[in-house]
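File shown here: target37.cif, holding mmCIF, C-alpha atoms.
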data_model
loop_
_atom_site.label_atom_id
_atom_site.label_comp_id
_atom_site.auth_asym_id
_atom_site.auth_seq_id
_atom_site.Cartn_x
_atom_site.Cartn_y
_atom_site.Cartn_z
CA MET B 1 -70.21 -69.44 -20.94
CA PRO B 2 -66.77 -69.90 -22.53
CA PRO B 3 -63.74 -69.29 -20.29
CA ILE B 4 -62.12 -65.87 -20.42
CA GLN B 5 -58.34 -65.80 -20.69
CA LEU B 6 -56.56 -63.22 -18.57
CA SER B 7 -52.92 -62.42 -17.96
CA VAL B 8 -52.60 -61.91 -14.21
CA ASN B 9 -49.22 -61.34 -12.59
CA HIS B 10 -47.50 -62.60 -15.76
CA THR B 11 -49.43 -65.87 -15.68
CA ARG B 12 -52.15 -66.95 -18.08
CA ARG B 13 -55.35 -67.56 -16.08
CA SER B 14 -58.77 -68.73 -17.16
CA VAL B 15 -62.06 -67.73 -15.55
CA SER B 16 -65.57 -68.82 -16.46
CA VAL B 17 -67.47 -65.67 -15.61
CA ASP B 18 -69.76 -63.16 -17.24
CA PRO B 19 -67.55 -60.63 -19.10
CA ALA B 20 -69.50 -57.85 -17.36
CA MET B 21 -68.42 -59.07 -13.90
CA PRO B 22 -66.13 -56.58 -12.16
CA LEU B 23 -62.51 -57.69 -12.32
CA LEU B 24 -62.35 -57.43 -8.52
CA TRP B 25 -64.65 -60.42 -8.09
CA ALA B 26 -62.86 -62.51 -10.70
CA LEU B 27 -59.56 -61.86 -8.93
CA ARG B 28 -60.86 -62.57 -5.44
CA ASP B 29 -63.59 -65.18 -5.90
CA HIS B 30 -62.32 -67.08 -8.91
CA LEU B 31 -58.53 -66.70 -8.79
CA GLY B 32 -58.02 -66.54 -5.01
CA LEU B 33 -56.07 -63.27 -5.10
CA PHE B 34 -57.34 -61.71 -1.89
CA GLY B 35 -54.84 -58.83 -1.69
CA THR B 36 -57.10 -56.72 -3.88
CA LYS B 37 -59.73 -55.44 -1.44
CA TYR B 38 -63.38 -54.57 -1.79
CA GLY B 39 -64.00 -51.20 -0.20
CA CYS B 40 -66.85 -49.21 -1.66
CA GLY B 41 -67.74 -50.81 -4.98
CA VAL B 42 -67.99 -47.45 -6.76
CA GLY B 43 -64.31 -46.63 -7.34
CA ALA B 44 -64.15 -43.91 -4.70
CA CYS B 45 -61.93 -45.47 -2.02
CA GLY B 46 -59.13 -47.08 -4.07
CA ALA B 47 -58.86 -50.28 -2.01
CA CYS B 48 -59.31 -52.37 -5.17
CA THR B 49 -56.57 -50.68 -7.22
CA VAL B 50 -54.63 -52.96 -9.55
CA HIS B 51 -52.45 -52.22 -12.57
CA LEU B 52 -53.71 -52.71 -16.10
CA ASP B 53 -50.68 -52.54 -18.39
CA GLY B 54 -48.89 -50.65 -15.62
CA ARG B 55 -51.62 -48.06 -15.07
CA PRO B 56 -53.64 -48.00 -11.85
CA VAL B 57 -57.31 -48.87 -12.30
CA ARG B 58 -60.19 -49.62 -9.97
CA ALA B 59 -60.93 -53.34 -10.22
CA CYS B 60 -64.44 -52.82 -8.84
CA LEU B 61 -65.32 -50.75 -11.92
CA LEU B 62 -63.49 -52.62 -14.68
CA PRO B 63 -65.47 -55.41 -16.34
CA VAL B 64 -63.47 -58.61 -16.81
CA GLY B 65 -64.14 -58.48 -20.54
CA GLN B 66 -62.29 -55.17 -20.81
CA ALA B 67 -59.20 -56.67 -19.15
CA VAL B 68 -58.74 -59.32 -21.85
CA GLY B 69 -55.53 -58.76 -23.79
CA HIS B 70 -54.00 -56.61 -21.06
CA GLU B 71 -51.52 -57.41 -18.30
CA ILE B 72 -53.16 -57.26 -14.87
CA THR B 73 -50.90 -56.86 -11.86
CA THR B 74 -52.21 -57.25 -8.33
CA ILE B 75 -50.43 -56.60 -5.05
CA GLU B 76 -49.41 -60.28 -5.07
CA GLY B 77 -47.66 -59.74 -8.40
CA LEU B 78 -45.85 -56.54 -7.50
CA SER B 79 -42.98 -58.70 -6.25
CA THR B 80 -42.71 -62.37 -5.49
CA ASP B 81 -40.98 -61.85 -2.17
CA GLY B 82 -42.26 -58.51 -0.83
CA THR B 83 -39.15 -56.60 -1.86
CA HIS B 84 -40.76 -54.04 -4.14
CA PRO B 85 -39.58 -50.60 -2.92
CA CYS B 86 -43.13 -49.63 -1.93
CA GLN B 87 -43.65 -52.79 0.09
CA VAL B 88 -40.32 -52.35 1.87
CA ALA B 89 -40.92 -48.66 2.57
CA TRP B 90 -44.44 -49.29 3.90
CA LEU B 91 -43.04 -51.74 6.44
CA GLU B 92 -40.02 -49.64 7.38
CA GLU B 93 -42.15 -46.51 7.81
CA ASP B 94 -44.77 -48.49 9.77
CA VAL B 95 -47.53 -47.05 7.61
CA ALA B 96 -50.37 -49.48 8.11
CA GLN B 97 -52.66 -49.61 11.09
CA CYS B 98 -55.51 -51.84 10.00
CA GLY B 99 -53.88 -52.23 6.57
CA PHE B 100 -57.10 -52.72 4.63
CA CYS B 101 -56.54 -49.83 2.21
CA GLN B 102 -52.80 -50.32 1.86
CA PRO B 103 -52.64 -52.74 -1.12
CA GLY B 104 -54.53 -50.24 -3.27
CA MET B 105 -52.34 -47.37 -2.11
CA ILE B 106 -49.17 -49.36 -2.74
CA MET B 107 -50.33 -50.17 -6.26
CA GLU B 108 -51.17 -46.52 -6.93
CA VAL B 109 -47.79 -45.34 -5.59
CA ALA B 110 -45.88 -48.00 -7.53
CA ALA B 111 -47.37 -46.55 -10.72
CA LEU B 112 -46.57 -43.00 -9.57
CA LEU B 113 -42.93 -43.90 -8.93
CA HIS B 114 -42.67 -45.60 -12.30
CA ALA B 115 -43.89 -42.40 -14.00
CA SER B 116 -42.15 -39.98 -11.64
CA PRO B 117 -39.11 -41.44 -9.81
CA GLU B 118 -38.76 -38.35 -7.60
CA PRO B 119 -42.32 -37.23 -6.87
CA THR B 120 -43.01 -33.95 -5.15
CA ASP B 121 -45.17 -33.70 -2.05
CA GLN B 122 -47.88 -32.22 -4.26
CA GLN B 123 -47.74 -35.21 -6.66
CA ILE B 124 -47.89 -37.61 -3.73
CA ASP B 125 -50.81 -35.78 -2.13
CA GLN B 126 -52.71 -35.69 -5.45
CA THR B 127 -52.13 -39.41 -5.96
CA LEU B 128 -53.14 -40.40 -2.44
CA ALA B 129 -56.15 -38.07 -2.42
CA GLN B 130 -57.80 -40.68 -4.61
CA HIS B 131 -57.66 -43.17 -1.72
CA VAL B 132 -59.46 -43.39 1.59
CA CYS B 133 -57.65 -44.49 4.75
CA ARG B 134 -59.99 -44.67 7.71
CA CYS B 135 -57.02 -44.87 10.09
CA GLY B 136 -55.64 -41.55 8.82
CA THR B 137 -52.07 -42.66 8.08
CA TYR B 138 -51.58 -39.95 5.46
CA ASN B 139 -48.48 -38.34 7.02
CA ARG B 140 -46.71 -41.70 7.18
CA LEU B 141 -47.81 -42.41 3.63
CA ARG B 142 -46.00 -39.37 2.26
CA SER B 143 -42.85 -40.39 4.14
CA ALA B 144 -43.15 -43.93 2.81
CA VAL B 145 -43.47 -42.72 -0.78
CA HIS B 146 -40.27 -40.66 -0.46
CA HIS B 147 -38.59 -43.65 1.20
CA ALA B 148 -39.73 -45.98 -1.60
CA ALA B 149 -38.43 -43.52 -4.19
CA ARG B 150 -35.00 -43.52 -2.50
CA ILE B 151 -34.97 -47.33 -2.40
CA ALA B 152 -35.93 -47.55 -6.07
CA ARG B 153 -33.25 -45.05 -7.12
CA SER B 154 -30.59 -46.96 -5.17
CA ARG B 155 -31.28 -50.24 -7.00
#

Any chance you could put this one into structure tokens?
Amino acid sequence: MPPIQLSVNHTRRSVSVDPAMPLLWALRDHLGLFGTKYGCGVGACGACTVHLDGRPVRACLLPVGQAVGHEITTIEGLSTDGTHPCQVAWLEEDVAQCGFCQPGMIMEVAALLHASPEPTDQQIDQTLAQHVCRCGTYNRLRSAVHHAARIARSR
């Protein structure tokens, strides 16, 4: 099987996998990017959310072959030093308990803030409704999104 060329976190990467393999497994098992989590495998929980050309997608549903020619951004590529407004706000608002679902939520919110720099509570709730947090940190999540929006606007 010929190697597949991907652009991941602004770096050209090569993987020798079946093009039908879910992107999630190529990222985790072949590229060592463990921030993207496996949750449900059917796109319902959002733990595997990454950006494809800046749009949030479920990596468990996207075949590697469909990611060719697109820029893939994982939680590791959101910022090199953890200073993305969402990452900072999540820490300052003490959002995470177990933290398992948080990378996917951060990626989803980063895309929301890019599209809507001052999201309403309704926009935030609609965005986060697509994600499952077993710890129930939803109230802190909304606060963190507003906090991240303020940080982003101040930069």

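The shell of residues at most 8 Å from segment 76-82 of chain B, with all atoms listed in the file counted and near chain neighbours (fewer than 2 positions) removed, consists of Val8, Asn9, His10, Leu33, Gly35, Thr73, Thr74, His84, Gln87, Val88 and Met107 of chain B.
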
Write out as a ChimeraX atom specification the residues lying within 10 Å of segment 56-70 of chain B, counting all atoms listed in the file and excluding same-chain residues fewer than 5 positions away. /B:4-8,15,17-27,36-51,104-105,107-112

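Residues with any atom within 10 Å of His114 of chain B, counting all atoms listed in the file and excluding same-chain neighbours fewer than 6 positions away, are Gly54, Arg55, Ala149 and Ala152 of chain B.
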
Could you pull the residues within 10 Å of Gln97 of chain B, counting all atoms listed in the file, minus those fewer than 5 positions along the same chain, as a VMD selection string? chain B and resid 102 133 to 137

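From atom CA of Thr83 of chain B back to atom CA of Ala96 of chain B, the distance works out to 16.6 Å.
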
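Residues with any atom within 8 Å of the point (-35.7, -38.9, -5.5), counting all atoms listed in the file, are Pro117, Glu118, Pro119, His146, Ala149, Arg150 and Arg153 of chain B.
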
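Separating atom CA of Glu93 of chain B from atom CA of Leu52 of chain B is a distance of 27.3 Å.
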
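In terms of minimum interatomic distance to Leu91 of chain B, B:Arg140 ranks closest within B:Arg155, B:Arg12, B:His131, B:Arg140, counting all atoms listed in the file.
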
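Atom CA of His30 of chain B sits 27.1 Å away from atom CA of Gln130 of chain B.
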
Residues matched by the PyMOL selection byres ((chain B and resi 124) around 9), written as a PyMOL selection string: chain B and resi 109+112+119-123+125-129+141-142+145-146

Limited to C-alpha atoms, could you put the picked residues into a file as a PDB file, keeping the file's coordinate frame?
ATOM      1  CA  VAL B 109     -47.790 -45.340  -5.590  1.00  0.00           C
ATOM      2  CA  LEU B 112     -46.570 -43.000  -9.570  1.00  0.00           C
ATOM      3  CA  PRO B 119     -42.320 -37.230  -6.870  1.00  0.00           C
ATOM      4  CA  THR B 120     -43.010 -33.950  -5.150  1.00  0.00           C
ATOM      5  CA  ASP B 121     -45.170 -33.700  -2.050  1.00  0.00           C
ATOM      6  CA  GLN B 122     -47.880 -32.220  -4.260  1.00  0.00           C
ATOM      7  CA  GLN B 123     -47.740 -35.210  -6.660  1.00  0.00           C
ATOM      8  CA  ASP B 125     -50.810 -35.780  -2.130  1.00  0.00           C
ATOM      9  CA  GLN B 126     -52.710 -35.690  -5.450  1.00  0.00           C
ATOM     10  CA  THR B 127     -52.130 -39.410  -5.960  1.00  0.00           C
ATOM     11  CA  LEU B 128     -53.140 -40.400  -2.440  1.00  0.00           C
ATOM     12  CA  ALA B 129     -56.150 -38.070  -2.420  1.00  0.00           C
ATOM     13  CA  LEU B 141     -47.810 -42.410   3.630  1.00  0.00           C
ATOM     14  CA  ARG B 142     -46.000 -39.370   2.260  1.00  0.00           C
ATOM     15  CA  VAL B 145     -43.470 -42.720  -0.780  1.00  0.00           C
ATOM     16  CA  HIS B 146     -40.270 -40.660  -0.460  1.00  0.00           C
TER      17      HIS B 146
END

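Closest approach to Ala89 of chain B from the set B:Ala115, B:Met1, B:Leu31, B:Ile106 is made by B:Ile106, with distances taken over only C-alpha atoms.
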